[in-house]
Every structure is written in C-alpha cells, then in structure tokens.
>>> print(open('upload_9.cif').read())   # mmCIF, C-alpha atoms
data_data
#
loop_
_atom_site.group_PDB
_atom_site.id
_atom_site.type_symbol
_atom_site.label_atom_id
_atom_site.label_comp_id
_atom_site.auth_asym_id
_atom_site.auth_seq_id
_atom_site.Cartn_x
_atom_site.Cartn_y
_atom_site.Cartn_z
ATOM 1 C CA MET Z 17 13.157 -20.096 4.440
ATOM 2 C CA GLY Z 18 10.594 -17.777 2.941
ATOM 3 C CA LYS Z 19 8.637 -17.913 6.169
ATOM 4 C CA ILE Z 20 6.294 -14.976 6.733
ATOM 5 C CA VAL Z 21 5.996 -13.895 10.361
ATOM 6 C CA PRO Z 22 4.614 -10.921 12.311
ATOM 7 C CA LEU Z 23 7.057 -8.004 12.426
ATOM 8 C CA LEU Z 24 7.230 -8.123 16.200
ATOM 9 C CA SER Z 25 8.750 -11.600 16.110
ATOM 10 C CA ALA Z 26 11.558 -10.567 13.726
ATOM 11 C CA SER Z 27 14.950 -10.364 15.432
ATOM 12 C CA SER Z 28 16.129 -7.229 13.611
ATOM 13 C CA LEU Z 29 14.768 -4.347 11.568
ATOM 14 C CA ASP Z 30 17.622 -4.357 9.074
ATOM 15 C CA PHE Z 31 16.035 -3.781 5.682
ATOM 16 C CA ASP Z 32 16.826 -1.981 2.412
ATOM 17 C CA CYS Z 33 14.326 -1.860 -0.442
ATOM 18 C CA GLY Z 34 16.090 0.989 -2.256
ATOM 19 C CA ASP Z 35 13.395 3.506 -1.309
ATOM 20 C CA ASP Z 36 14.680 5.701 1.524
ATOM 21 C CA GLN Z 37 11.246 6.654 2.664
ATOM 22 C CA LEU Z 38 9.901 3.086 2.867
ATOM 23 C CA ASN Z 39 13.121 2.011 4.593
ATOM 24 C CA ARG Z 40 12.704 4.758 7.158
ATOM 25 C CA TRP Z 41 9.040 3.933 7.678
ATOM 26 C CA PHE Z 42 9.912 0.285 8.268
ATOM 27 C CA LYS Z 43 12.783 0.987 10.652
ATOM 28 C CA VAL Z 44 11.275 3.926 12.557
ATOM 29 C CA ASN Z 45 7.495 3.970 12.168
ATOM 30 C CA ALA Z 46 6.399 0.365 11.752
ATOM 31 C CA ILE Z 47 6.797 -0.464 15.441
ATOM 32 C CA GLN Z 48 4.978 2.742 16.431
ATOM 33 C CA SER Z 49 2.232 1.923 13.975
ATOM 34 C CA GLU Z 50 1.884 -1.544 15.531
ATOM 35 C CA ALA Z 51 1.792 -0.059 19.038
ATOM 36 C CA ALA Z 52 -0.905 2.409 18.046
ATOM 37 C CA GLY Z 53 -2.925 -0.375 16.428
ATOM 38 C CA PHE Z 54 -2.835 1.339 13.029
ATOM 39 C CA SER Z 55 -1.309 -1.563 11.123
ATOM 40 C CA ARG Z 56 -0.118 -5.120 11.460
ATOM 41 C CA ASN Z 57 3.083 -5.835 9.593
ATOM 42 C CA TYR Z 58 4.374 -9.136 8.280
ATOM 43 C CA VAL Z 59 7.917 -9.877 7.169
ATOM 44 C CA MET Z 60 9.315 -12.599 4.935
ATOM 45 C CA LEU Z 61 12.558 -14.106 6.183
ATOM 46 C CA ASP Z 62 15.450 -15.784 4.395
ATOM 47 C CA LYS Z 63 17.202 -17.257 7.434
ATOM 48 C CA ALA Z 64 17.310 -14.172 9.700
ATOM 49 C CA ASN Z 65 17.276 -11.635 6.830
ATOM 50 C CA ILE Z 66 14.156 -9.636 6.141
ATOM 51 C CA VAL Z 67 13.556 -9.946 2.402
ATOM 52 C CA GLY Z 68 10.222 -8.139 2.287
ATOM 53 C CA PHE Z 69 7.293 -6.895 4.280
ATOM 54 C CA TYR Z 70 3.686 -5.842 3.945
ATOM 55 C CA SER Z 71 1.214 -4.089 6.219
ATOM 56 C CA LEU Z 72 -2.502 -4.591 6.756
ATOM 57 C CA SER Z 73 -5.068 -2.230 8.285
ATOM 58 C CA ALA Z 74 -8.829 -2.003 8.534
ATOM 59 C CA ALA Z 75 -10.313 0.393 5.981
ATOM 60 C CA ALA Z 76 -13.598 1.442 4.424
ATOM 61 C CA VAL Z 77 -14.865 2.189 0.926
ATOM 62 C CA ASP Z 78 -17.657 4.726 0.619
ATOM 63 C CA ILE Z 79 -19.376 6.905 -1.931
ATOM 64 C CA GLU Z 80 -18.325 10.538 -2.291
ATOM 65 C CA PRO Z 81 -19.885 12.883 0.308
ATOM 66 C CA SER Z 82 -21.743 14.877 -2.345
ATOM 67 C CA GLU Z 83 -23.807 11.757 -3.031
ATOM 68 C CA PHE Z 84 -24.723 10.885 0.570
ATOM 69 C CA ALA Z 85 -28.001 12.721 0.334
ATOM 70 C CA VAL Z 86 -29.183 10.836 -2.724
ATOM 71 C CA PRO Z 87 -32.056 8.527 -1.712
ATOM 72 C CA GLY Z 88 -31.090 4.872 -1.646
ATOM 73 C CA SER Z 89 -27.389 5.598 -1.363
ATOM 74 C CA PRO Z 90 -25.418 2.482 -0.453
ATOM 75 C CA LYS Z 91 -23.719 1.783 2.860
ATOM 76 C CA PRO Z 92 -19.959 2.036 3.305
ATOM 77 C CA THR Z 93 -18.170 -1.242 2.692
ATOM 78 C CA PRO Z 94 -15.652 -2.576 5.217
ATOM 79 C CA ALA Z 95 -12.331 -3.513 3.699
ATOM 80 C CA VAL Z 96 -8.829 -4.680 4.484
ATOM 81 C CA LEU Z 97 -6.076 -2.322 3.320
ATOM 82 C CA LEU Z 98 -2.777 -3.665 2.039
ATOM 83 C CA GLY Z 99 -0.858 -0.489 2.899
ATOM 84 C CA ARG Z 100 2.854 -0.773 2.290
ATOM 85 C CA VAL Z 101 4.592 -3.577 0.406
ATOM 86 C CA ALA Z 102 8.343 -3.643 -0.168
ATOM 87 C CA VAL Z 103 11.005 -6.140 -1.232
ATOM 88 C CA ALA Z 104 14.707 -5.922 -0.311
ATOM 89 C CA THR Z 105 16.911 -4.817 -3.227
ATOM 90 C CA ASP Z 106 18.873 -8.095 -3.265
ATOM 91 C CA TYR Z 107 15.647 -10.064 -3.743
ATOM 92 C CA GLN Z 108 13.733 -7.890 -6.208
ATOM 93 C CA GLY Z 109 12.495 -9.529 -9.414
ATOM 94 C CA ASN Z 110 12.501 -12.979 -7.824
ATOM 95 C CA GLY Z 111 8.824 -13.459 -7.050
ATOM 96 C CA VAL Z 112 9.106 -12.286 -3.444
ATOM 97 C CA GLY Z 113 6.595 -9.483 -4.057
ATOM 98 C CA LYS Z 114 4.096 -11.888 -5.591
ATOM 99 C CA ARG Z 115 4.454 -14.332 -2.719
ATOM 100 C CA LEU Z 116 3.972 -11.495 -0.223
ATOM 101 C CA MET Z 117 0.845 -10.377 -2.057
ATOM 102 C CA PHE Z 118 -0.518 -13.906 -2.124
ATOM 103 C CA ASP Z 119 0.102 -14.210 1.614
ATOM 104 C CA ALA Z 120 -1.608 -10.853 2.205
ATOM 105 C CA ILE Z 121 -4.653 -12.051 0.250
ATOM 106 C CA GLN Z 122 -4.860 -15.341 2.170
ATOM 107 C CA ARG Z 123 -4.431 -13.571 5.494
ATOM 108 C CA SER Z 124 -7.083 -11.004 4.552
ATOM 109 C CA LYS Z 125 -9.523 -13.800 3.709
ATOM 110 C CA LEU Z 126 -8.975 -15.269 7.170
ATOM 111 C CA ILE Z 127 -9.476 -11.832 8.727
ATOM 112 C CA ALA Z 128 -12.693 -11.403 6.730
ATOM 113 C CA LYS Z 129 -14.009 -14.618 8.270
ATOM 114 C CA ARG Z 130 -13.695 -13.071 11.742
ATOM 115 C CA VAL Z 131 -14.712 -9.468 11.023
ATOM 116 C CA GLY Z 132 -16.816 -8.270 8.131
ATOM 117 C CA ALA Z 133 -14.764 -7.149 5.149
ATOM 118 C CA SER Z 134 -15.712 -7.645 1.546
ATOM 119 C CA VAL Z 135 -12.681 -6.337 -0.336
ATOM 120 C CA LEU Z 136 -8.935 -6.114 -0.070
ATOM 121 C CA LEU Z 137 -7.675 -2.808 -1.374
ATOM 122 C CA VAL Z 138 -4.304 -1.383 -2.259
ATOM 123 C CA HIS Z 139 -3.450 2.279 -2.883
ATOM 124 C CA PRO Z 140 -0.252 1.947 -4.910
ATOM 125 C CA ARG Z 141 1.857 4.656 -6.498
ATOM 126 C CA PRO Z 142 0.329 5.366 -9.918
ATOM 127 C CA ASP Z 143 3.399 3.934 -11.686
ATOM 128 C CA VAL Z 144 2.957 0.506 -10.069
ATOM 129 C CA LYS Z 145 -0.833 0.286 -10.297
ATOM 130 C CA ASP Z 146 -0.598 -1.932 -13.403
ATOM 131 C CA TYR Z 147 1.402 -4.500 -11.461
ATOM 132 C CA PHE Z 148 -1.582 -5.088 -9.175
ATOM 133 C CA VAL Z 149 -4.055 -5.126 -12.065
ATOM 134 C CA LYS Z 150 -1.945 -7.759 -13.864
ATOM 135 C CA ASN Z 151 -2.112 -9.814 -10.706
ATOM 136 C CA GLY Z 152 -5.890 -9.876 -10.484
ATOM 137 C CA PHE Z 153 -6.850 -6.596 -8.791
ATOM 138 C CA LEU Z 154 -9.672 -4.492 -10.193
ATOM 139 C CA ALA Z 155 -8.982 -0.885 -11.231
ATOM 140 C CA LEU Z 156 -11.646 1.827 -11.294
ATOM 141 C CA THR Z 157 -11.636 5.011 -13.345
ATOM 142 C CA GLY Z 158 -12.289 7.377 -10.417
ATOM 143 C CA SER Z 159 -9.678 6.071 -7.953
ATOM 144 C CA ASP Z 160 -5.980 5.297 -7.661
ATOM 145 C CA ALA Z 161 -6.853 2.321 -5.456
ATOM 146 C CA VAL Z 162 -7.262 -1.242 -6.751
ATOM 147 C CA PHE Z 163 -9.582 -3.855 -5.304
ATOM 148 C CA LEU Z 164 -9.963 -7.591 -4.876
ATOM 149 C CA LYS Z 165 -13.011 -9.446 -3.580
ATOM 150 C CA LEU Z 166 -12.286 -11.336 -0.371
ATOM 151 C CA MET D 18 11.899 12.616 -16.361
ATOM 152 C CA LYS D 19 11.473 15.900 -14.551
ATOM 153 C CA SER D 20 9.177 17.705 -16.950
ATOM 154 C CA GLU D 21 6.770 19.411 -14.553
ATOM 155 C CA VAL D 22 7.111 22.849 -12.987
ATOM 156 C CA VAL D 23 5.440 24.082 -9.805
ATOM 157 C CA ASN D 24 5.441 27.747 -8.808
ATOM 158 C CA LEU D 25 4.391 28.750 -5.344
ATOM 159 C CA ARG D 26 4.362 31.723 -2.999
ATOM 160 C CA LEU D 27 5.775 31.626 0.523
ATOM 161 C CA THR D 28 6.164 34.045 3.386
ATOM 162 C CA ALA D 29 9.718 35.243 4.047
ATOM 163 C CA GLU D 30 9.691 33.212 7.283
ATOM 164 C CA GLN D 31 8.666 30.010 5.514
ATOM 165 C CA LYS D 32 11.364 30.483 2.888
ATOM 166 C CA ALA D 33 13.988 31.181 5.550
ATOM 167 C CA SER D 34 12.970 28.040 7.480
ATOM 168 C CA ILE D 35 13.172 25.903 4.362
ATOM 169 C CA ASP D 36 16.524 27.367 3.321
ATOM 170 C CA TYR D 37 17.957 26.814 6.776
ATOM 171 C CA ALA D 38 16.818 23.175 6.858
ATOM 172 C CA ALA D 39 18.055 22.542 3.316
ATOM 173 C CA LYS D 40 21.446 23.980 4.202
ATOM 174 C CA GLN D 41 21.629 21.769 7.294
ATOM 175 C CA ALA D 42 20.783 18.749 5.141
ATOM 176 C CA GLY D 43 23.375 19.779 2.558
ATOM 177 C CA ILE D 44 20.908 19.860 -0.329
ATOM 178 C CA SER D 45 19.336 22.575 -2.454
ATOM 179 C CA ARG D 46 16.073 24.294 -1.599
ATOM 180 C CA THR D 47 14.392 22.546 -4.512
ATOM 181 C CA GLU D 48 15.691 19.118 -3.496
ATOM 182 C CA PHE D 49 14.598 19.716 0.073
ATOM 183 C CA MET D 50 11.095 20.827 -0.930
ATOM 184 C CA VAL D 51 10.647 17.886 -3.281
ATOM 185 C CA LEU D 52 11.886 15.331 -0.740
ATOM 186 C CA ALA D 53 9.805 16.746 2.101
ATOM 187 C CA SER D 54 6.589 16.998 0.131
ATOM 188 C CA ILE D 55 6.966 13.597 -1.539
ATOM 189 C CA GLU D 56 7.519 12.028 1.862
ATOM 190 C CA ARG D 57 4.361 13.656 3.167
ATOM 191 C CA ALA D 58 2.401 12.699 0.044
ATOM 192 C CA MET D 59 3.456 9.038 0.151
ATOM 193 C CA ASP D 60 2.592 8.739 3.840
ATOM 194 C CA ALA D 61 -0.811 10.258 3.106
ATOM 195 C CA ARG D 62 -1.270 7.708 0.303
ATOM 196 C CA TYR D 63 -0.246 4.655 2.302
ATOM 197 C CA ASP D 64 -1.969 5.677 5.528
ATOM 198 C CA GLN D 65 -5.318 6.477 3.953
ATOM 199 C CA VAL D 66 -7.972 4.102 5.311
ATOM 200 C CA ARG D 67 -11.161 5.736 4.083
ATOM 201 C CA PHE D 68 -11.699 5.655 0.351
ATOM 202 C CA THR D 69 -14.493 7.512 -1.366
ATOM 203 C CA LEU D 70 -15.588 6.647 -4.855
ATOM 204 C CA PRO D 71 -17.900 8.273 -7.370
ATOM 205 C CA ARG D 72 -21.289 6.529 -7.255
ATOM 206 C CA GLU D 73 -20.713 4.829 -10.623
ATOM 207 C CA ASP D 74 -17.419 3.317 -9.482
ATOM 208 C CA PHE D 75 -18.884 2.292 -6.140
ATOM 209 C CA ASP D 76 -21.811 0.521 -7.800
ATOM 210 C CA TYR D 77 -19.491 -1.172 -10.305
ATOM 211 C CA LEU D 78 -17.226 -2.379 -7.494
ATOM 212 C CA MET D 79 -20.171 -3.755 -5.524
ATOM 213 C CA ASP D 80 -21.458 -5.541 -8.651
ATOM 214 C CA GLN D 81 -18.033 -7.103 -9.125
ATOM 215 C CA VAL D 82 -17.903 -8.140 -5.484
ATOM 216 C CA SER D 83 -21.342 -9.748 -5.750
ATOM 217 C CA ALA D 84 -20.364 -11.536 -8.950
ATOM 218 C CA GLY D 85 -17.266 -13.012 -7.281
ATOM 219 C CA ARG D 86 -13.810 -13.282 -8.761
ATOM 220 C CA SER D 87 -13.569 -13.927 -12.490
ATOM 221 C CA ASP D 88 -11.629 -16.968 -13.697
ATOM 222 C CA ALA D 89 -8.888 -14.642 -14.949
ATOM 223 C CA GLN D 90 -8.592 -13.071 -11.498
ATOM 224 C CA SER D 91 -8.492 -16.427 -9.734
ATOM 225 C CA GLU D 92 -5.831 -17.658 -12.148
ATOM 226 C CA ALA D 93 -3.740 -14.508 -11.678
ATOM 227 C CA ILE D 94 -3.856 -14.990 -7.917
ATOM 228 C CA GLU D 95 -3.000 -18.669 -8.132
ATOM 229 C CA ARG D 96 -0.023 -17.774 -10.364
ATOM 230 C CA MET D 97 1.305 -15.623 -7.519
ATOM 231 C CA ASN D 98 1.274 -18.678 -5.302
ATOM 232 C CA GLN D 99 3.081 -20.762 -7.936
ATOM 233 C CA VAL D 100 6.167 -18.511 -8.150
ATOM 234 C CA LYS D 101 9.337 -20.239 -7.100
ATOM 235 C CA LEU D 102 11.435 -18.170 -4.727
ATOM 236 C CA PRO D 103 15.222 -18.205 -5.301
ATOM 237 C CA TRP D 104 15.846 -20.655 -2.462
ATOM 238 C CA GLU D 105 13.037 -22.985 -3.579
ATOM 239 C CA LYS D 106 14.530 -23.604 -7.032
#
>>> encode(input="upload_9.cif", output="structure tokens")
Amino acid sequence: MGKIVPLLSASSLDFDCGDDQLNRWFKVNAIQSEAAGFSRNYVMLDKANIVGFYSLSAAAVDIEPSEFAVPGSPKPTPAVLLGRVAVATDYQGNGVGKRLMFDAIQRSKLIAKRVGASVLLVHPRPDVKDYFVKNGFLALTGSDAVFLKL
Amino acid sequence: MKSEVVNLRLTAEQKASIDYAAKQAGISRTEFMVLASIERAMDARYDQVRFTLPREDFDYLMDQVSAGRSDAQSEAIERMNQVKLPWEK
C-alpha cells in the first residue's frame, strides 16, 4: 500500500480530490497529456484506490525578454516542473501530499541525472504557495512559482 | 470571500452565447463566467512550462542553486519522507 506507480499502469481513473477541475483533468486530460508527451503522471495507490497523483514535465526558467539584450545575460536553466498535485478527499491531511511531493523530488533527481535539469519548480495556486515554502521550496518576489535545487 | 468586482464589455453575440451556455448548464451568467475563466486560468497556470523571472530573481535563484540546499531545506524535505501514512501507523 502507498505504492506510487505510473498513471498508465493504474487499473482505473476513479478519483475525487474535491476540486472539480482537477478531477476532470485527471479523468479526461491526463491520458491525452501522456499520449502527447506533455506530462508523465504518477499515482499513489491504497490497494486499487487512487489516493493521489502528481505530474511532471520538462520546463525552463529564463530571464524576462526585456533583459535578453543586456550584455552577459545568463542562459535559460532547464528544470523539471511538478505541474498538478492532488490528494483524494478521504485521504487529505494524512501526509499523502507530503509523500507524493517527496516522491516527485526523488524522481526529479533521477531524471536530472539523465537529462540536464538544475531545479524542480512548482507553480501552485497563490493560496497554497506557503505549503511548498514550509516544505523546503524557495519563493521569489517576482514569481508565483517556487523552486528547489535538484 | 467574494470581495472583488470585475466589469467588462462584450458584444451582443458574445453575451448571447454565454447566456445560452449558462442556461444549458443551469447556472447564472456570473457563475458560468467565473467557472469558465477560472478553469482556463488554472490550466494556464499548471500547463506553463516556460518561466521568466526578473534578472534579480533569476540571479538570486542561480546563487541559491550553486550554494546547494540549506540545512533547513534538507530537513524539511526529509520530514516529508518521515510522515507516516494512515495504513503505515
């Protein structure tokens, strides 16, 4: 129990995190996103039940376009994006989210050993940004995204 | 709390399309517009893969990456691994 497996090996897509839009994305768009190569999704299982999921994609961090022309401007930095994270309503507040995040970090570190990527980044809703900061992510003043060195 | 107000102008055709769809969905025009635009906004947020930062933030981030994780960060991450899930207790 608590095993985290690729979405495509899950036997059902039954999932309710209490957020209609995330539910719909998971049930309708996640498979399409996988097929298009836009994200890889991982689900945590309690027996056959999906208790949470997260998605990873390749991403990049760059300076604002207005500053490209400045001499000595830095190169874009390759990154891994932790896109969507959600926990089923029956399992919320039980550490499932933290375990999913930890798994995402470990998996991203492995990815970064195969392809260059220096940070893991998350672009959370502003009201949950603090949750990521409390759990070790770095916040910046000019961005909603939070970052963690890989 | 719903404390913010947005005013906007539409063409008659746009308004008619929205009203028709809202009626089909059995919700008010306002509810429909909020739901539809929030859905679009959240997808844009979660699907964004290119992030641009002001130079100061970018430099600060790169300094932090070069410096490696602080002890506090490493501890926070390790704490996530230490959580006991309901079925592990």
>>> resolve_selection(input="upload_9.cif", expression="the PyMOL selection byres ((chain D and resi 92-96) around 12)", output="mmCIF file with C-alpha atoms, keeping the file's coordinate frame")
data_model
loop_
_atom_site.group_PDB
_atom_site.id
_atom_site.type_symbol
_atom_site.label_atom_id
_atom_site.label_comp_id
_atom_site.auth_asym_id
_atom_site.auth_seq_id
_atom_site.Cartn_x
_atom_site.Cartn_y
_atom_site.Cartn_z
ATOM 1 C CA GLY Z 111 8.824 -13.459 -7.050
ATOM 2 C CA LYS Z 114 4.096 -11.888 -5.591
ATOM 3 C CA ARG Z 115 4.454 -14.332 -2.719
ATOM 4 C CA LEU Z 116 3.972 -11.495 -0.223
ATOM 5 C CA MET Z 117 0.845 -10.377 -2.057
ATOM 6 C CA PHE Z 118 -0.518 -13.906 -2.124
ATOM 7 C CA ASP Z 119 0.102 -14.210 1.614
ATOM 8 C CA ALA Z 120 -1.608 -10.853 2.205
ATOM 9 C CA ILE Z 121 -4.653 -12.051 0.250
ATOM 10 C CA GLN Z 122 -4.860 -15.341 2.170
ATOM 11 C CA TYR Z 147 1.402 -4.500 -11.461
ATOM 12 C CA PHE Z 148 -1.582 -5.088 -9.175
ATOM 13 C CA VAL Z 149 -4.055 -5.126 -12.065
ATOM 14 C CA LYS Z 150 -1.945 -7.759 -13.864
ATOM 15 C CA ASN Z 151 -2.112 -9.814 -10.706
ATOM 16 C CA GLY Z 152 -5.890 -9.876 -10.484
ATOM 17 C CA PHE Z 153 -6.850 -6.596 -8.791
ATOM 18 C CA LEU Z 154 -9.672 -4.492 -10.193
ATOM 19 C CA LEU Z 164 -9.963 -7.591 -4.876
ATOM 20 C CA LYS Z 165 -13.011 -9.446 -3.580
ATOM 21 C CA LEU Z 166 -12.286 -11.336 -0.371
ATOM 22 C CA ARG D 86 -13.810 -13.282 -8.761
ATOM 23 C CA SER D 87 -13.569 -13.927 -12.490
ATOM 24 C CA ASP D 88 -11.629 -16.968 -13.697
ATOM 25 C CA ALA D 89 -8.888 -14.642 -14.949
ATOM 26 C CA GLN D 90 -8.592 -13.071 -11.498
ATOM 27 C CA SER D 91 -8.492 -16.427 -9.734
ATOM 28 C CA MET D 97 1.305 -15.623 -7.519
ATOM 29 C CA ASN D 98 1.274 -18.678 -5.302
ATOM 30 C CA GLN D 99 3.081 -20.762 -7.936
ATOM 31 C CA VAL D 100 6.167 -18.511 -8.150
ATOM 32 C CA LYS D 101 9.337 -20.239 -7.100
#
>>> closest_atom_pairs(input="upload_9.cif", of="chain D", to="chain Z", cutoff="12 Å", atoms="all atoms listed in the file", output="JSON lines")
{"residue": "D:Leu52", "atom": "CA", "partner": "Z:Gln37", "partner_atom": "CA", "distance": 9.3}
{"residue": "D:Ala53", "atom": "CA", "partner": "Z:Gln37", "partner_atom": "CA", "distance": 10.2}
{"residue": "D:Ser54", "atom": "CA", "partner": "Z:Gln37", "partner_atom": "CA", "distance": 11.6}
{"residue": "D:Ile55", "atom": "CA", "partner": "Z:Gln37", "partner_atom": "CA", "distance": 9.2}
{"residue": "D:Glu56", "atom": "CA", "partner": "Z:Gln37", "partner_atom": "CA", "distance": 6.6}
{"residue": "D:Arg57", "atom": "CA", "partner": "Z:Gln37", "partner_atom": "CA", "distance": 9.8}
{"residue": "D:Ala58", "atom": "CA", "partner": "Z:Arg141", "partner_atom": "CA", "distance": 10.4}
{"residue": "D:Met59", "atom": "CA", "partner": "Z:Arg141", "partner_atom": "CA", "distance": 8.1}
{"residue": "D:Asp60", "atom": "CA", "partner": "Z:Trp41", "partner_atom": "CA", "distance": 8.9}
{"residue": "D:Ala61", "atom": "CA", "partner": "Z:His139", "partner_atom": "CA", "distance": 10.3}
{"residue": "D:Arg62", "atom": "CA", "partner": "Z:His139", "partner_atom": "CA", "distance": 6.7}
{"residue": "D:Tyr63", "atom": "CA", "partner": "Z:Gly99", "partner_atom": "CA", "distance": 5.2}
{"residue": "D:Asp64", "atom": "CA", "partner": "Z:Gly99", "partner_atom": "CA", "distance": 6.8}
{"residue": "D:Gln65", "atom": "CA", "partner": "Z:Ala75", "partner_atom": "CA", "distance": 8.1}
{"residue": "D:Val66", "atom": "CA", "partner": "Z:Ala75", "partner_atom": "CA", "distance": 4.4}
{"residue": "D:Arg67", "atom": "CA", "partner": "Z:Ala76", "partner_atom": "CA", "distance": 4.9}
{"residue": "D:Phe68", "atom": "CA", "partner": "Z:Val77", "partner_atom": "CA", "distance": 4.7}
{"residue": "D:Thr69", "atom": "CA", "partner": "Z:Asp78", "partner_atom": "CA", "distance": 4.7}
{"residue": "D:Leu70", "atom": "CA", "partner": "Z:Ile79", "partner_atom": "CA", "distance": 4.8}
{"residue": "D:Pro71", "atom": "CA", "partner": "Z:Glu80", "partner_atom": "CA", "distance": 5.6}
{"residue": "D:Arg72", "atom": "CA", "partner": "Z:Ile79", "partner_atom": "CA", "distance": 5.7}
{"residue": "D:Glu73", "atom": "CA", "partner": "Z:Gly158", "partner_atom": "CA", "distance": 8.8}
{"residue": "D:Asp74", "atom": "CA", "partner": "Z:Leu156", "partner_atom": "CA", "distance": 6.2}
{"residue": "D:Phe75", "atom": "CA", "partner": "Z:Ile79", "partner_atom": "CA", "distance": 6.3}
{"residue": "D:Asp76", "atom": "CA", "partner": "Z:Pro90", "partner_atom": "CA", "distance": 8.4}
{"residue": "D:Tyr77", "atom": "CA", "partner": "Z:Leu156", "partner_atom": "CA", "distance": 8.5}
{"residue": "D:Leu78", "atom": "CA", "partner": "Z:Leu156", "partner_atom": "CA", "distance": 8.0}
{"residue": "D:Met79", "atom": "CA", "partner": "Z:Thr93", "partner_atom": "CA", "distance": 8.8}
{"residue": "D:Asp80", "atom": "CA", "partner": "Z:Lys165", "partner_atom": "CA", "distance": 10.6}
{"residue": "D:Gln81", "atom": "CA", "partner": "Z:Lys165", "partner_atom": "CA", "distance": 7.8}
{"residue": "D:Val82", "atom": "CA", "partner": "Z:Lys165", "partner_atom": "CA", "distance": 5.4}
{"residue": "D:Ser83", "atom": "CA", "partner": "Z:Lys165", "partner_atom": "CA", "distance": 8.6}
{"residue": "D:Ala84", "atom": "CA", "partner": "Z:Lys165", "partner_atom": "CA", "distance": 9.3}
{"residue": "D:Gly85", "atom": "CA", "partner": "Z:Lys165", "partner_atom": "CA", "distance": 6.7}
{"residue": "D:Arg86", "atom": "CA", "partner": "Z:Lys165", "partner_atom": "CA", "distance": 6.5}
{"residue": "D:Ser87", "atom": "CA", "partner": "Z:Gly152", "partner_atom": "CA", "distance": 8.9}
{"residue": "D:Asp88", "atom": "CA", "partner": "Z:Gly152", "partner_atom": "CA", "distance": 9.7}
{"residue": "D:Ala89", "atom": "CA", "partner": "Z:Gly152", "partner_atom": "CA", "distance": 7.2}
{"residue": "D:Gln90", "atom": "CA", "partner": "Z:Gly152", "partner_atom": "CA", "distance": 4.3}
{"residue": "D:Ser91", "atom": "CA", "partner": "Z:Gly152", "partner_atom": "CA", "distance": 7.1}
{"residue": "D:Glu92", "atom": "CA", "partner": "Z:Gly152", "partner_atom": "CA", "distance": 8.0}
{"residue": "D:Ala93", "atom": "CA", "partner": "Z:Asn151", "partner_atom": "CA", "distance": 5.1}
{"residue": "D:Ile94", "atom": "CA", "partner": "Z:Gly152", "partner_atom": "CA", "distance": 6.1}
{"residue": "D:Glu95", "atom": "CA", "partner": "Z:Phe118", "partner_atom": "CA", "distance": 8.1}
{"residue": "D:Arg96", "atom": "CA", "partner": "Z:Asn151", "partner_atom": "CA", "distance": 8.2}
{"residue": "D:Met97", "atom": "CA", "partner": "Z:Lys114", "partner_atom": "CA", "distance": 5.0}
{"residue": "D:Asn98", "atom": "CA", "partner": "Z:Arg115", "partner_atom": "CA", "distance": 6.0}
{"residue": "D:Gln99", "atom": "CA", "partner": "Z:Arg115", "partner_atom": "CA", "distance": 8.4}
{"residue": "D:Val100", "atom": "CA", "partner": "Z:Gly111", "partner_atom": "CA", "distance": 5.8}
{"residue": "D:Lys101", "atom": "CA", "partner": "Z:Gly111", "partner_atom": "CA", "distance": 6.8}
{"residue": "D:Leu102", "atom": "CA", "partner": "Z:Gly111", "partner_atom": "CA", "distance": 5.9}
{"residue": "D:Pro103", "atom": "CA", "partner": "Z:Asn110", "partner_atom": "CA", "distance": 6.4}
{"residue": "D:Trp104", "atom": "CA", "partner": "Z:Met17", "partner_atom": "CA", "distance": 7.4}
{"residue": "D:Glu105", "atom": "CA", "partner": "Z:Met17", "partner_atom": "CA", "distance": 8.5}
{"residue": "D:Lys106", "atom": "CA", "partner": "Z:Asn110", "partner_atom": "CA", "distance": 10.8}
>>> atom_distance(input="upload_9.cif", atom1="CA of Phe49 (chain D)", atom2="CA of Ile35 (chain D)")
7.7 Å
>>> atom_distance(input="upload_9.cif", atom1="CA of Phe69 (chain Z)", atom2="CA of Val131 (chain Z)")
23.2 Å
>>> residues_around(input="upload_9.cif", residues="Met60 (chain Z)", least_positions_apart="5", cutoff="6 Å", atoms="only C-alpha atoms", output="VMD selection string")
chain Z and resid 18 to 20 66 to 68
>>> atom_distance(input="upload_9.cif", atom1="CA of Asn24 (chain D)", atom2="CA of Thr47 (chain D)")
11.2 Å
>>> axis_aligned_box(input="upload_9.cif", around="region 85-90 of chain D", padding_each_side="6 Å", output="AutoDock Vina command-line options")
--center_x -12.9 --center_y -15.0 --center_z -11.1 --size_x 20.7 --size_y 16.0 --size_z 19.7
>>> closest_residue(input="upload_9.cif", among="Z:Ala133, Z:Ala128, Z:Ala52, Z:Leu29", to="Ala104 (chain Z)", atoms="only C-alpha atoms")
Z:Leu29
>>> decode(input="upload_9.cif", residues="region 125-141 of chain Z", atoms="C-alpha atoms", output="PDB file, in the first residue's frame")
ATOM      1  CA  LYS Z 125      16.657  13.959  -9.069  1.00  0.00           C
ATOM      2  CA  LEU Z 126      16.872  10.704 -11.017  1.00  0.00           C
ATOM      3  CA  ILE Z 127      15.603  12.471 -14.140  1.00  0.00           C
ATOM      4  CA  ALA Z 128      18.211  15.204 -13.645  1.00  0.00           C
ATOM      5  CA  LYS Z 129      20.924  12.544 -13.693  1.00  0.00           C
ATOM      6  CA  ARG Z 130      19.858  11.535 -17.213  1.00  0.00           C
ATOM      7  CA  VAL Z 131      18.979  14.931 -18.705  1.00  0.00           C
ATOM      8  CA  GLY Z 132      20.249  18.285 -17.537  1.00  0.00           C
ATOM      9  CA  ALA Z 133      17.937  19.982 -15.057  1.00  0.00           C
ATOM     10  CA  SER Z 134      19.040  22.070 -12.134  1.00  0.00           C
ATOM     11  CA  VAL Z 135      15.774  22.879 -10.366  1.00  0.00           C
ATOM     12  CA  LEU Z 136      12.400  21.394  -9.614  1.00  0.00           C
ATOM     13  CA  LEU Z 137       9.690  24.007  -9.821  1.00  0.00           C
ATOM     14  CA  VAL Z 138       6.062  24.192  -8.830  1.00  0.00           C
ATOM     15  CA  HIS Z 139       3.523  26.830  -9.887  1.00  0.00           C
ATOM     16  CA  PRO Z 140       0.921  26.482  -7.139  1.00  0.00           C
ATOM     17  CA  ARG Z 141      -2.234  28.492  -6.573  1.00  0.00           C
TER      18      ARG Z 141
END
